[in-house]
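Coordinates from model30.cif are shown below (mmCIF, C-alpha atoms).
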```
data_upload
loop_
_atom_site.label_atom_id
_atom_site.label_comp_id
_atom_site.auth_asym_id
_atom_site.auth_seq_id
_atom_site.Cartn_x
_atom_site.Cartn_y
_atom_site.Cartn_z
CA MET R 1 77.84 -1.68 -73.16
CA ASN R 2 79.75 -0.38 -76.21
CA TRP R 3 82.78 -2.51 -75.36
CA LEU R 4 80.70 -5.58 -76.28
CA LEU R 5 80.15 -4.28 -79.81
CA SER R 6 82.55 -4.30 -82.74
CA GLN R 7 82.69 -1.39 -85.14
CA GLU R 8 80.54 -3.43 -87.51
CA HIS R 9 77.91 -3.96 -84.80
CA LYS R 10 77.82 -0.22 -84.15
CA MET R 11 77.39 0.49 -87.86
CA VAL R 12 74.52 -2.02 -88.05
CA ARG R 13 72.86 -0.40 -85.06
CA ALA R 14 73.10 3.07 -86.57
CA SER R 15 71.81 1.87 -89.94
CA VAL R 16 68.85 -0.09 -88.53
CA ARG R 17 67.95 2.72 -86.13
CA LYS R 18 67.79 5.17 -89.03
CA PHE R 19 65.70 2.74 -91.10
CA ALA R 20 63.29 2.05 -88.22
CA GLU R 21 62.85 5.72 -87.37
CA GLN R 22 62.24 6.69 -90.99
CA GLU R 23 60.09 3.74 -92.11
CA LEU R 24 58.33 2.61 -88.92
CA GLY R 25 58.34 5.76 -86.83
CA PRO R 26 55.75 7.72 -88.85
CA ILE R 27 53.31 4.78 -88.97
CA ALA R 28 53.90 3.08 -85.59
CA GLU R 29 50.72 4.40 -84.01
CA GLU R 30 48.68 3.84 -87.18
CA ILE R 31 49.62 0.17 -87.60
CA ASP R 32 48.91 -0.42 -83.92
CA GLU R 33 45.47 1.17 -84.17
CA GLN R 34 44.64 -0.62 -87.43
CA GLU R 35 46.23 -3.91 -86.32
CA ARG R 36 48.00 -3.99 -89.68
CA PHE R 37 51.32 -5.61 -90.48
CA PRO R 38 53.27 -3.19 -92.72
CA LEU R 39 54.24 -5.46 -95.59
CA GLU R 40 55.73 -2.49 -97.43
CA VAL R 41 58.27 -1.97 -94.62
CA TYR R 42 58.93 -5.71 -94.37
CA GLN R 43 59.75 -5.81 -98.08
CA LYS R 44 62.12 -2.85 -97.75
CA ALA R 45 63.82 -4.56 -94.80
CA GLY R 46 64.28 -7.65 -96.96
CA LYS R 47 65.88 -5.68 -99.78
CA LEU R 48 68.33 -4.13 -97.28
CA GLY R 49 69.31 -7.54 -95.89
CA LEU R 50 67.78 -6.95 -92.46
CA ILE R 51 65.71 -10.16 -92.48
CA GLY R 52 68.52 -12.46 -93.58
CA SER R 53 71.42 -10.94 -91.64
CA ILE R 54 72.40 -14.23 -89.95
CA ILE R 55 71.71 -16.51 -92.90
CA PRO R 56 74.76 -17.86 -94.78
CA GLN R 57 75.68 -15.89 -97.88
CA ALA R 58 75.24 -19.00 -100.03
CA TYR R 59 71.47 -18.65 -99.55
CA GLY R 60 71.29 -14.88 -99.98
CA GLY R 61 71.94 -13.89 -96.37
CA GLY R 62 74.49 -11.63 -94.77
CA GLY R 63 76.45 -14.25 -92.87
CA ALA R 64 76.53 -12.09 -89.72
CA ASP R 65 76.67 -13.31 -86.12
CA LEU R 66 73.72 -13.78 -83.78
CA LEU R 67 74.43 -10.58 -81.87
CA THR R 68 73.83 -8.66 -85.09
CA ASN R 69 70.38 -10.21 -85.25
CA GLY R 70 69.74 -9.25 -81.64
CA ILE R 71 70.70 -5.66 -82.36
CA ILE R 72 68.40 -5.52 -85.39
CA LYS R 73 65.48 -6.89 -83.39
CA GLU R 74 66.14 -4.46 -80.55
CA GLU R 75 66.12 -1.47 -82.89
CA PHE R 76 62.91 -2.58 -84.59
CA CYS R 77 61.24 -3.16 -81.20
CA ARG R 78 62.34 0.27 -80.01
CA ILE R 79 59.99 1.75 -82.62
CA SER R 80 57.43 -1.04 -83.16
CA ALA R 81 57.72 -4.16 -81.02
CA GLY R 82 55.10 -6.02 -83.02
CA PHE R 83 57.02 -5.54 -86.24
CA GLY R 84 60.25 -6.67 -84.58
CA MET R 85 58.58 -9.79 -83.24
CA SER R 86 57.10 -10.80 -86.60
CA VAL R 87 60.38 -10.23 -88.44
CA ASN R 88 62.33 -12.23 -85.87
CA ILE R 89 60.06 -15.26 -86.28
CA CYS R 90 60.93 -15.16 -89.99
CA THR R 91 64.64 -14.61 -89.40
CA THR R 92 65.34 -16.91 -86.46
CA ASN R 93 62.61 -19.48 -85.88
CA PHE R 94 62.13 -20.11 -89.58
CA CYS R 95 65.16 -19.24 -91.73
CA TYR R 96 67.98 -19.67 -89.21
CA PHE R 97 66.89 -23.14 -88.14
CA ILE R 98 66.31 -24.24 -91.73
CA SER R 99 69.82 -23.00 -92.55
CA LYS R 100 71.10 -25.06 -89.63
CA TYR R 101 69.09 -28.29 -89.96
CA GLY R 102 67.52 -28.23 -93.41
CA THR R 103 68.53 -30.15 -96.50
CA GLU R 104 70.18 -28.31 -99.37
CA GLU R 105 66.88 -28.40 -101.25
CA GLN R 106 64.99 -26.94 -98.28
CA LYS R 107 67.51 -24.15 -97.82
CA ARG R 108 67.27 -23.08 -101.43
CA ARG R 109 63.50 -23.43 -101.60
CA PHE R 110 62.30 -21.84 -98.36
CA ILE R 111 64.93 -19.32 -97.24
CA PRO R 112 65.24 -16.89 -100.22
CA PRO R 113 61.54 -15.90 -100.43
CA VAL R 114 61.48 -15.02 -96.74
CA ILE R 115 64.75 -13.10 -96.36
CA SER R 116 63.99 -11.12 -99.51
CA GLY R 117 60.75 -9.85 -97.95
CA GLU R 118 58.57 -11.68 -100.44
CA ALA R 119 57.01 -14.08 -97.90
CA LEU R 120 56.64 -14.61 -94.16
CA GLY R 121 57.33 -17.74 -92.16
CA SER R 122 55.91 -18.95 -88.86
CA TRP R 123 56.82 -21.30 -86.03
CA CYS R 124 53.91 -23.48 -84.87
CA LEU R 125 54.28 -24.99 -81.41
CA THR R 126 51.58 -23.72 -79.01
CA GLU R 127 48.22 -25.50 -78.94
CA PRO R 128 44.92 -24.87 -77.12
CA GLU R 129 45.96 -27.36 -74.40
CA ALA R 130 49.75 -27.17 -74.75
CA GLY R 131 51.34 -23.83 -73.94
CA SER R 132 53.84 -23.87 -71.11
CA ASP R 133 53.86 -27.67 -71.20
CA ALA R 134 55.27 -28.03 -74.72
CA LEU R 135 55.68 -31.81 -74.44
CA SER R 136 51.92 -32.25 -74.19
CA ILE R 137 51.22 -31.26 -77.80
CA ARG R 138 48.48 -33.27 -79.48
CA THR R 139 49.12 -32.45 -83.13
CA TYR R 140 50.15 -35.84 -84.52
CA TYR R 141 51.24 -37.63 -87.64
CA VAL R 142 50.87 -41.18 -88.91
CA ARG R 143 52.89 -42.91 -91.59
CA ARG R 144 51.20 -44.17 -94.72
CA GLY R 145 53.77 -45.81 -96.90
CA ASP R 146 56.32 -43.17 -97.80
CA ARG R 147 54.06 -40.30 -96.72
CA PHE R 148 53.11 -38.60 -93.47
CA VAL R 149 49.56 -37.51 -92.61
CA LEU R 150 49.24 -34.68 -90.07
CA ASN R 151 46.28 -33.67 -87.93
CA GLY R 152 45.86 -31.10 -85.17
CA SER R 153 45.69 -27.40 -84.47
CA LYS R 154 47.99 -24.65 -83.26
CA THR R 155 47.08 -21.37 -81.61
CA PHE R 156 48.67 -18.01 -80.73
CA ILE R 157 50.92 -18.45 -83.77
CA THR R 158 52.79 -15.31 -84.80
CA ASN R 159 52.36 -14.45 -88.51
CA ALA R 160 49.87 -17.32 -89.04
CA PRO R 161 47.16 -15.26 -90.78
CA ILE R 162 49.54 -14.02 -93.51
CA ALA R 163 52.44 -16.51 -93.51
CA ARG R 164 53.28 -18.56 -96.57
CA PHE R 165 55.36 -21.14 -94.70
CA PHE R 166 54.85 -22.97 -91.41
CA ILE R 167 57.24 -25.07 -89.33
CA VAL R 168 54.94 -27.38 -87.39
CA VAL R 169 55.92 -29.42 -84.36
CA ALA R 170 54.01 -32.73 -84.35
CA ARG R 171 54.45 -36.03 -82.56
CA GLU R 172 54.05 -39.53 -83.95
CA LYS R 173 50.63 -40.85 -82.94
CA GLY R 174 50.93 -42.87 -79.76
CA SER R 175 54.29 -41.44 -78.69
CA LYS R 176 54.75 -39.84 -75.27
CA GLY R 177 57.21 -37.64 -73.42
CA ALA R 178 60.30 -36.23 -75.10
CA LYS R 179 60.38 -38.85 -77.87
CA GLY R 180 58.65 -39.12 -81.22
CA ALA R 181 58.34 -35.48 -82.32
CA THR R 182 59.19 -34.32 -85.83
CA LEU R 183 59.31 -30.87 -87.44
CA PHE R 184 57.49 -30.43 -90.74
CA ILE R 185 57.70 -27.51 -93.16
CA LEU R 186 54.24 -26.83 -94.59
CA GLU R 187 53.16 -24.29 -97.18
CA ARG R 188 49.95 -22.32 -97.56
CA GLY R 189 47.76 -23.88 -100.23
CA MET R 190 48.37 -27.47 -99.16
CA LYS R 191 45.15 -29.43 -98.99
CA GLY R 192 43.88 -29.54 -95.41
CA LEU R 193 46.01 -26.62 -94.17
CA SER R 194 44.17 -23.43 -93.18
CA THR R 195 44.51 -20.48 -90.82
CA GLY R 196 42.02 -18.59 -88.69
CA PRO R 197 41.40 -14.83 -88.69
CA PRO R 198 43.81 -12.51 -86.87
CA MET R 199 43.26 -12.49 -83.12
CA ARG R 200 42.46 -9.22 -81.37
CA LYS R 201 45.20 -8.50 -78.85
CA LEU R 202 46.08 -6.09 -76.08
CA GLY R 203 49.51 -5.29 -77.50
CA MET R 204 51.88 -6.14 -80.37
CA ARG R 205 48.84 -5.37 -82.47
CA CYS R 206 50.60 -4.93 -85.82
CA SER R 207 51.96 -8.48 -85.52
CA PRO R 208 49.28 -10.87 -86.83
CA THR R 209 48.53 -13.81 -84.55
CA GLY R 210 46.14 -16.67 -85.23
CA GLU R 211 45.32 -20.35 -85.40
CA VAL R 212 46.71 -22.96 -87.78
CA LEU R 213 44.36 -25.84 -88.60
CA ILE R 214 45.78 -29.11 -89.93
CA GLU R 215 43.35 -31.68 -91.28
CA ASP R 216 44.76 -34.75 -93.03
CA VAL R 217 47.68 -32.79 -94.51
CA GLN R 218 49.85 -35.21 -96.48
CA VAL R 219 53.56 -34.62 -97.04
CA ASP R 220 56.55 -36.66 -98.13
CA PRO R 221 59.91 -36.86 -96.31
CA SER R 222 61.21 -33.79 -98.17
CA HIS R 223 59.09 -31.67 -95.79
CA ILE R 224 60.79 -32.98 -92.63
CA LEU R 225 63.16 -30.48 -91.02
CA GLY R 226 66.04 -32.25 -89.33
CA GLU R 227 65.84 -35.87 -88.28
CA ASP R 228 62.59 -37.80 -88.15
CA GLY R 229 61.69 -38.28 -84.48
CA GLU R 230 64.23 -35.69 -83.21
CA GLY R 231 61.95 -32.68 -83.19
CA PHE R 232 61.94 -31.95 -79.47
CA PRO R 233 65.72 -31.36 -79.08
CA THR R 234 65.58 -28.88 -81.97
CA MET R 235 62.45 -27.32 -80.48
CA PHE R 236 64.17 -26.72 -77.13
CA GLU R 237 67.20 -25.23 -78.89
CA THR R 238 64.84 -22.92 -80.75
CA LEU R 239 63.18 -21.90 -77.48
CA ASP R 240 66.51 -21.05 -75.85
CA LEU R 241 67.46 -18.70 -78.69
CA GLU R 242 63.91 -17.33 -78.89
CA ARG R 243 64.09 -16.44 -75.20
CA ILE R 244 67.39 -14.59 -75.57
CA LEU R 245 65.91 -12.65 -78.46
CA GLY R 246 62.78 -12.10 -76.35
CA ALA R 247 65.07 -10.22 -73.98
CA ASN R 248 66.09 -8.04 -76.95
CA THR R 249 62.40 -7.24 -77.49
CA SER R 250 62.14 -6.05 -73.89
CA ILE R 251 65.38 -4.09 -74.16
CA GLY R 252 64.11 -2.27 -77.25
CA ILE R 253 60.83 -1.38 -75.55
CA ALA R 254 62.59 -0.25 -72.37
CA GLN R 255 64.96 1.93 -74.40
CA ALA R 256 61.95 3.59 -76.01
CA CYS R 257 60.48 4.18 -72.54
CA LEU R 258 63.71 5.74 -71.29
CA ASP R 259 64.14 7.95 -74.36
CA ALA R 260 60.56 9.22 -74.13
CA SER R 261 60.79 9.78 -70.36
CA VAL R 262 64.02 11.77 -70.57
CA ARG R 263 62.63 14.00 -73.33
CA TYR R 264 59.36 14.60 -71.51
CA ALA R 265 61.01 15.24 -68.14
CA LYS R 266 63.08 18.01 -69.71
CA GLU R 267 60.06 19.59 -71.44
CA ARG R 268 57.28 19.25 -68.88
CA ARG R 269 57.18 22.04 -66.29
CA GLN R 270 55.47 22.01 -62.91
CA PHE R 271 55.86 24.45 -60.03
CA GLY R 272 57.83 26.70 -62.34
CA ARG R 273 60.57 24.27 -63.38
CA PRO R 274 61.10 21.13 -65.50
CA ILE R 275 60.04 17.96 -63.71
CA ALA R 276 63.52 16.58 -64.51
CA GLU R 277 64.72 18.70 -61.59
CA PHE R 278 62.61 16.77 -59.08
CA GLN R 279 64.47 14.01 -57.25
CA LEU R 280 61.63 11.47 -57.50
CA VAL R 281 61.64 11.76 -61.31
CA ARG R 282 65.43 11.52 -61.38
CA ASN R 283 65.27 8.37 -59.25
CA MET R 284 62.87 6.74 -61.71
CA LEU R 285 65.09 7.64 -64.66
CA ALA R 286 68.22 6.37 -62.93
CA GLU R 287 66.62 3.06 -61.98
CA MET R 288 65.16 2.64 -65.45
CA ALA R 289 68.54 3.21 -67.11
CA THR R 290 70.39 0.94 -64.67
CA ARG R 291 68.04 -2.03 -65.11
CA LEU R 292 68.11 -1.53 -68.88
CA GLU R 293 71.91 -1.60 -69.15
CA MET R 294 72.21 -4.59 -66.82
CA SER R 295 69.76 -6.52 -68.96
CA ARG R 296 71.41 -5.46 -72.21
CA CYS R 297 74.92 -6.45 -71.13
CA PHE R 298 73.84 -9.87 -69.84
CA THR R 299 71.82 -10.61 -72.98
CA TYR R 300 74.56 -9.55 -75.39
CA CYS R 301 77.06 -11.84 -73.64
CA LEU R 302 74.90 -14.89 -74.37
CA PHE R 303 75.03 -14.77 -78.18
CA PRO R 304 78.69 -15.87 -78.52
CA ARG R 305 77.97 -18.77 -76.16
CA VAL R 306 75.14 -19.95 -78.41
CA GLU R 307 77.48 -19.85 -81.42
CA GLN R 308 80.05 -21.85 -79.49
CA GLY R 309 77.46 -24.58 -78.92
CA GLN R 310 77.26 -24.10 -75.16
CA LYS R 311 74.11 -25.06 -73.27
CA ILE R 312 72.54 -21.81 -72.11
CA THR R 313 69.02 -22.90 -71.07
CA LYS R 314 69.33 -21.39 -67.58
CA GLU R 315 70.89 -18.15 -68.81
CA ALA R 316 68.36 -17.76 -71.63
CA SER R 317 65.52 -18.03 -69.12
CA MET R 318 67.27 -15.55 -66.82
CA ALA R 319 67.67 -13.06 -69.65
CA LYS R 320 64.04 -13.30 -70.74
CA TYR R 321 62.65 -13.26 -67.21
CA TYR R 322 64.63 -10.27 -65.99
CA ALA R 323 64.32 -8.24 -69.19
CA SER R 324 60.55 -8.76 -69.43
CA ILE R 325 59.79 -7.55 -65.90
CA MET R 326 62.33 -4.75 -66.43
CA ALA R 327 60.52 -3.53 -69.55
CA THR R 328 57.08 -3.67 -67.95
CA ARG R 329 58.41 -1.69 -64.98
CA ALA R 330 60.04 0.81 -67.35
CA ALA R 331 56.74 1.31 -69.17
CA LEU R 332 54.83 1.79 -65.92
CA ASP R 333 57.40 4.34 -64.74
CA ALA R 334 57.26 6.12 -68.11
CA ILE R 335 53.48 6.43 -67.81
CA GLN R 336 53.91 7.78 -64.27
CA ILE R 337 56.42 10.39 -65.46
CA PHE R 338 54.02 11.44 -68.23
CA GLY R 339 51.19 11.61 -65.69
CA GLY R 340 47.73 12.01 -67.19
CA TYR R 341 49.18 12.32 -70.67
CA GLY R 342 50.79 8.89 -70.29
CA TYR R 343 47.31 7.40 -70.00
CA MET R 344 46.18 8.99 -73.25
CA ARG R 345 46.40 6.95 -76.43
CA GLU R 346 47.99 9.75 -78.47
CA PHE R 347 51.19 9.30 -76.45
CA PRO R 348 53.27 6.16 -77.15
CA VAL R 349 54.10 5.12 -73.59
CA GLN R 350 50.73 3.37 -73.18
CA ARG R 351 51.59 1.29 -76.27
CA TYR R 352 54.96 0.41 -74.78
CA LEU R 353 53.22 -0.98 -71.70
CA ARG R 354 50.77 -3.05 -73.77
CA ASP R 355 53.62 -4.42 -75.88
CA ALA R 356 55.95 -5.10 -72.94
CA LYS R 357 53.45 -7.30 -71.14
CA LEU R 358 53.50 -9.95 -73.87
CA VAL R 359 57.13 -10.83 -73.22
CA GLU R 360 56.16 -11.88 -69.69
CA ILE R 361 53.82 -14.42 -71.33
CA GLY R 362 54.97 -15.49 -74.81
CA GLY R 363 57.81 -17.95 -75.27
CA GLY R 364 57.17 -19.31 -71.78
CA THR R 365 55.69 -17.22 -68.97
CA SER R 366 57.84 -15.59 -66.28
CA GLU R 367 56.68 -18.32 -63.90
CA ILE R 368 57.92 -21.00 -66.29
CA GLN R 369 61.25 -19.20 -66.65
CA LYS R 370 61.71 -19.30 -62.88
CA MET R 371 60.89 -23.00 -62.85
CA ILE R 372 63.51 -23.62 -65.56
CA ILE R 373 66.14 -21.56 -63.71
CA ALA R 374 65.52 -23.44 -60.47
CA LYS R 375 65.54 -26.81 -62.24
CA GLU R 376 68.91 -26.04 -63.85
CA LEU R 377 70.34 -24.88 -60.52
CA LEU R 378 69.23 -28.07 -58.78
CA ARG R 379 70.55 -30.50 -61.40
#
```

Structure encoded using structure tokens:
Amino acid sequence: MNWLLSQEHKMVRASVRKFAEQELGPIAEEIDEQERFPLEVYQKAGKLGLIGSIIPQAYGGGGADLLTNGIIKEEFCRISAGFGMSVNICTTNFCYFISKYGTEEQKRRFIPPVISGEALGSWCLTEPEAGSDALSIRTYYVRRGDRFVLNGSKTFITNAPIARFFIVVAREKGSKGAKGATLFILERGMKGLSTGPPMRKLGMRCSPTGEVLIEDVQVDPSHILGEDGEGFPTMFETLDLERILGANTSIGIAQACLDASVRYAKERRQFGRPIAEFQLVRNMLAEMATRLEMSRCFTYCLFPRVEQGQKITKEASMAKYYASIMATRAALDAIQIFGGYGYMREFPVQRYLRDAKLVEIGGGTSEIQKMIIAKELLR
């Protein structure tokens, strides 16, 4: 895998790993139990440039490539997957796409507060009746003179309960299919915009998730991200990159599972010797490591293709699908290696399993990923 990384990538990995272990490691279990997003760590990450790594330097970012962002997310998720997921929504779904499609005014207004760690952003697509079928969203807008009036609701939105900014996907009232959608940047405090309480989840518990309620929210054209009526193409581009980075989430979790399993197998003794000497345990470790490296190599190879403007819908779905089932399997095997202790909440492998399962659901379920892969193959 190292041959895919430049010296700069390796330095980033070492730096982020040290930061995550020092800042997130001691509180990972606590923030999971308390379902608390660690704003203090988020702010430190912002000051170190870890939120804005891929944002152009003109707007306060680091100007790095997309693989750098994938490495940062992977290292965060290795320690706290919920934290890594929340940060990535800010970095990629919010700031990166504003830097790519936003006006100069939008870039200077919305990007700096987020990459500095001062504020969080969110990406609002999923609705109560529009999850896997993204084109069926019902949140709509109507035009009133030179203004737009939005109505609808979004659910399962990462960062919603504490975000300051929201990119909302809405369609023009009366439009159908893949036409008529527009992206709007909304800000907490706007009349008619509110959020629900944090949802109680199985995993990723330090990442706040909730509803966004939109009732007669009025905005002018300065709040449109990209072209009016061209929201769905941008949305699908966002989903492709989100799915590749979803694979990084799974890779980080699986790496944590492997690290914990290797340590425990060396320490735990049964029948007078370490369980690492038993062939069944060695088989599980070998399979875990092999699947992990296969997933990592495939995922890393996709980032340059995104930057080159290549269409990678099929490959993005492959990466997310394979990595997500790989991570869940790694977590199950880690629990098995730990035995009864793996089932106890004071050991982290049970948290890895709860966190891993989300990637098989969020950003398009594994079943949807297989449908996309097959559709692309049959074109």

Just give me the gap between CA of Ala254 (chain R) and CA of Gly203 (chain R) in Å, one decimal is fine.
14.9 Å

Determine, counting all atoms listed in the file, which protein, DNA and RNA residues have an atom within 10 Å of an atom of Met235 (chain R); residues of the same chain fewer than 3 positions away are not included. Present the result as a ChimeraX atom specification.
/R:93,97,123,125,134,169,181-183,230-232,238-240

Rank nothing, just name the residue among R:Glu33, R:Val12, R:Ala319, R:Gln43 nearest to Arg345 (chain R), using only C-alpha atoms.
R:Glu33

Under the rule of at most 12 Å, produce a per-residue listing of region 190-263 of chain R near region 136-154 of chain R: chain, number, name, the closest pair of atoms, and the distance in Å, as CSV, using all atoms listed in the file.
```
residue,atom,partner,partner_atom,distance
R:Met190,CA,R:Leu150,CA,11.6
R:Lys191,CA,R:Leu150,CA,11.1
R:Gly192,CA,R:Asn151,CA,8.9
R:Leu193,CA,R:Asn151,CA,9.4
R:Ser194,CA,R:Ser153,CA,9.7
R:Thr195,CA,R:Lys154,CA,9.3
R:Gly196,CA,R:Lys154,CA,10.1
R:Thr209,CA,R:Lys154,CA,10.9
R:Gly210,CA,R:Lys154,CA,8.4
R:Glu211,CA,R:Lys154,CA,5.5
R:Val212,CA,R:Lys154,CA,5.0
R:Leu213,CA,R:Ser153,CA,4.6
R:Ile214,CA,R:Asn151,CA,5.0
R:Glu215,CA,R:Asn151,CA,4.9
R:Asp216,CA,R:Leu150,CA,5.4
R:Val217,CA,R:Leu150,CA,5.1
R:Gln218,CA,R:Val149,CA,4.5
R:Val219,CA,R:Phe148,CA,5.4
R:Asp220,CA,R:Arg147,CA,4.6
R:Pro221,CA,R:Arg147,CA,6.8
R:Ser222,CA,R:Arg147,CA,9.8
R:His223,CA,R:Phe148,CA,9.4
R:Ile224,CA,R:Phe148,CA,9.6
R:Asp228,CA,R:Phe148,CA,10.9
R:Gly229,CA,R:Tyr141,CA,10.9
R:Phe232,CA,R:Ile137,CA,10.9
```

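CA of Ala20 (chain R) is positioned 24.5 Å from CA of Glu267 (chain R).
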
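When all atoms listed in the file are used to measure the gap to Gln308 (chain R), the shortest distance among R:Leu66, R:Cys257, R:Thr91, R:Phe184 belongs to R:Leu66.
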
Residue IDs satisfying the PyMOL selection byres ((chain R and resi 316) around 10), as an mmCIF file with C-alpha atoms, in the coordinates of the input:
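Saved to expr_17.cif:
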```cif
data_model
loop_
_atom_site.group_PDB
_atom_site.id
_atom_site.type_symbol
_atom_site.label_atom_id
_atom_site.label_comp_id
_atom_site.auth_asym_id
_atom_site.auth_seq_id
_atom_site.Cartn_x
_atom_site.Cartn_y
_atom_site.Cartn_z
ATOM 1 C CA LEU R 239 63.180 -21.900 -77.480
ATOM 2 C CA ASP R 240 66.510 -21.050 -75.850
ATOM 3 C CA LEU R 241 67.460 -18.700 -78.690
ATOM 4 C CA GLU R 242 63.910 -17.330 -78.890
ATOM 5 C CA ARG R 243 64.090 -16.440 -75.200
ATOM 6 C CA ILE R 244 67.390 -14.590 -75.570
ATOM 7 C CA LEU R 245 65.910 -12.650 -78.460
ATOM 8 C CA GLY R 246 62.780 -12.100 -76.350
ATOM 9 C CA ALA R 247 65.070 -10.220 -73.980
ATOM 10 C CA PHE R 298 73.840 -9.870 -69.840
ATOM 11 C CA THR R 299 71.820 -10.610 -72.980
ATOM 12 C CA LEU R 302 74.900 -14.890 -74.370
ATOM 13 C CA PHE R 303 75.030 -14.770 -78.180
ATOM 14 C CA VAL R 306 75.140 -19.950 -78.410
ATOM 15 C CA LYS R 311 74.110 -25.060 -73.270
ATOM 16 C CA ILE R 312 72.540 -21.810 -72.110
ATOM 17 C CA THR R 313 69.020 -22.900 -71.070
ATOM 18 C CA LYS R 314 69.330 -21.390 -67.580
ATOM 19 C CA GLU R 315 70.890 -18.150 -68.810
ATOM 20 C CA SER R 317 65.520 -18.030 -69.120
ATOM 21 C CA MET R 318 67.270 -15.550 -66.820
ATOM 22 C CA ALA R 319 67.670 -13.060 -69.650
ATOM 23 C CA LYS R 320 64.040 -13.300 -70.740
ATOM 24 C CA TYR R 321 62.650 -13.260 -67.210
ATOM 25 C CA GLN R 369 61.250 -19.200 -66.650
ATOM 26 C CA ILE R 372 63.510 -23.620 -65.560
ATOM 27 C CA ILE R 373 66.140 -21.560 -63.710
#
```

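Distances to Ile368 (chain R) were evaluated for R:Gln279, R:Ser132, R:Ser295, R:Gln310 using only C-alpha atoms, and the minimum falls at R:Ser132.
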
Can you give me, as a PyMOL selection string, the residues this file yields under the PyMOL selection byres ((chain R and resi 164) around 12)?
chain R and resi 90+94+110-111+113-114+117-123+159-163+165-167+185-190+193-195+212

Residue members of the PyMOL selection byres ((chain R and resi 87) around 9) in the file shown, as a VMD selection string
chain R and resid 42 51 73 76 82 to 86 88 to 92 120 to 121

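The interatomic distance for the pair CA of Met199 (chain R) and CA of Glu35 (chain R) works out to 9.6 Å.
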
Counting all atoms listed in the file, the residue among R:Pro198, R:Gly52, R:Gly102, R:Gly131 that lies closest to Thr365 (chain R) is R:Gly131

From the set R:Glu30, R:Glu237, R:Glu75, R:Glu293, which residue has the shortest atom-to-atom contact distance to Leu4 (chain R), counting only C-alpha atoms?
R:Glu293

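Near Glu21 (chain R), within 12 Å and counting only C-alpha atoms, sit Arg13, Ala14, Ser15, Val16, Arg17, Gly25, Pro26, Ile27, Ala28, Val41, Glu75, Phe76, Cys77, Arg78, Ile79, Ser80 and Ala256 of chain R, not including residues fewer than 4 positions from it in the same chain.
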
Of the candidates R:Ala178, R:Ile72, R:Val349, R:Leu5, which one gets nearest to Phe236 (chain R) if we count only C-alpha atoms?
R:Ala178

May I have the residues within 9 Å of Leu358 (chain R) as a PDB file with C-alpha atoms, keeping the file's coordinate frame, using only C-alpha atoms and disregarding those fewer than 6 positions away in the same chain?
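Dumped to result_31.pdb:
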```
ATOM      1  CA  LEU R 202      46.080  -6.090 -76.080  1.00  0.00           C
ATOM      2  CA  GLY R 203      49.510  -5.290 -77.500  1.00  0.00           C
ATOM      3  CA  MET R 204      51.880  -6.140 -80.370  1.00  0.00           C
ATOM      4  CA  SER R 324      60.550  -8.760 -69.430  1.00  0.00           C
TER       5      SER R 324
END
```

Box centre and edge lengths (Å, one decimal), axis-aligned, region 15-27 of chain R plus 6 Å each side, as AutoDock Vina command-line options:
```
--center_x 62.6 --center_y 3.8 --center_z -89.1 --size_x 30.5 --size_y 19.8 --size_z 18.0
```

Which residues, written as a VMD selection string, have at least one atom at most 12 Å from Phe278 (chain R), with all atoms listed in the file counted and residues fewer than 4 positions away on the same chain left out?
chain R and resid 265 to 266 268 to 274 282 to 285 337

Point (65.5, 1.3, -73.7), cut-off 10 Å, counting all atoms listed in the file, residues as a PyMOL selection string:
chain R and resi 74-75+77-78+248-260+288-289+291-293+296+326-327+330-331

Would you list the contacts of Pro56 (chain R) as a ChimeraX atom specification, taking every protein, DNA or RNA residue within 12 Å and counting only C-alpha atoms, but skipping same-chain residues closer than 4 positions in sequence?
/R:49,52,60-66,91,95-100,107-108,111-112,115

Any chance you could model N, CA and C atoms for region 150-157 of chain R and send them as a PDB file, in the coordinates of the input?
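The new file result_35.pdb reads:
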```pdb
ATOM      1  N   LEU R 150      49.260 -35.492 -91.280  1.00  0.00           N
ATOM      2  CA  LEU R 150      49.240 -34.680 -90.070  1.00  0.00           C
ATOM      3  C   LEU R 150      47.828 -34.223 -89.740  1.00  0.00           C
ATOM      4  N   ASN R 151      47.541 -34.187 -88.428  1.00  0.00           N
ATOM      5  CA  ASN R 151      46.280 -33.670 -87.930  1.00  0.00           C
ATOM      6  C   ASN R 151      46.502 -32.928 -86.622  1.00  0.00           C
ATOM      7  N   GLY R 152      45.758 -31.844 -86.418  1.00  0.00           N
ATOM      8  CA  GLY R 152      45.860 -31.100 -85.170  1.00  0.00           C
ATOM      9  C   GLY R 152      45.585 -29.632 -85.387  1.00  0.00           C
ATOM     10  N   SER R 153      45.876 -28.852 -84.373  1.00  0.00           N
ATOM     11  CA  SER R 153      45.690 -27.400 -84.470  1.00  0.00           C
ATOM     12  C   SER R 153      46.715 -26.691 -83.595  1.00  0.00           C
ATOM     13  N   LYS R 154      47.065 -25.504 -83.996  1.00  0.00           N
ATOM     14  CA  LYS R 154      47.990 -24.650 -83.260  1.00  0.00           C
ATOM     15  C   LYS R 154      47.320 -23.307 -83.013  1.00  0.00           C
ATOM     16  N   THR R 155      47.691 -22.654 -81.918  1.00  0.00           N
ATOM     17  CA  THR R 155      47.080 -21.370 -81.610  1.00  0.00           C
ATOM     18  C   THR R 155      48.127 -20.386 -81.101  1.00  0.00           C
ATOM     19  N   PHE R 156      47.757 -19.101 -81.100  1.00  0.00           N
ATOM     20  CA  PHE R 156      48.670 -18.010 -80.730  1.00  0.00           C
ATOM     21  C   PHE R 156      49.930 -18.037 -81.592  1.00  0.00           C
ATOM     22  N   ILE R 157      49.780 -18.325 -82.870  1.00  0.00           N
ATOM     23  CA  ILE R 157      50.920 -18.450 -83.770  1.00  0.00           C
ATOM     24  C   ILE R 157      51.199 -17.113 -84.462  1.00  0.00           C
TER      25      ILE R 157
END
```
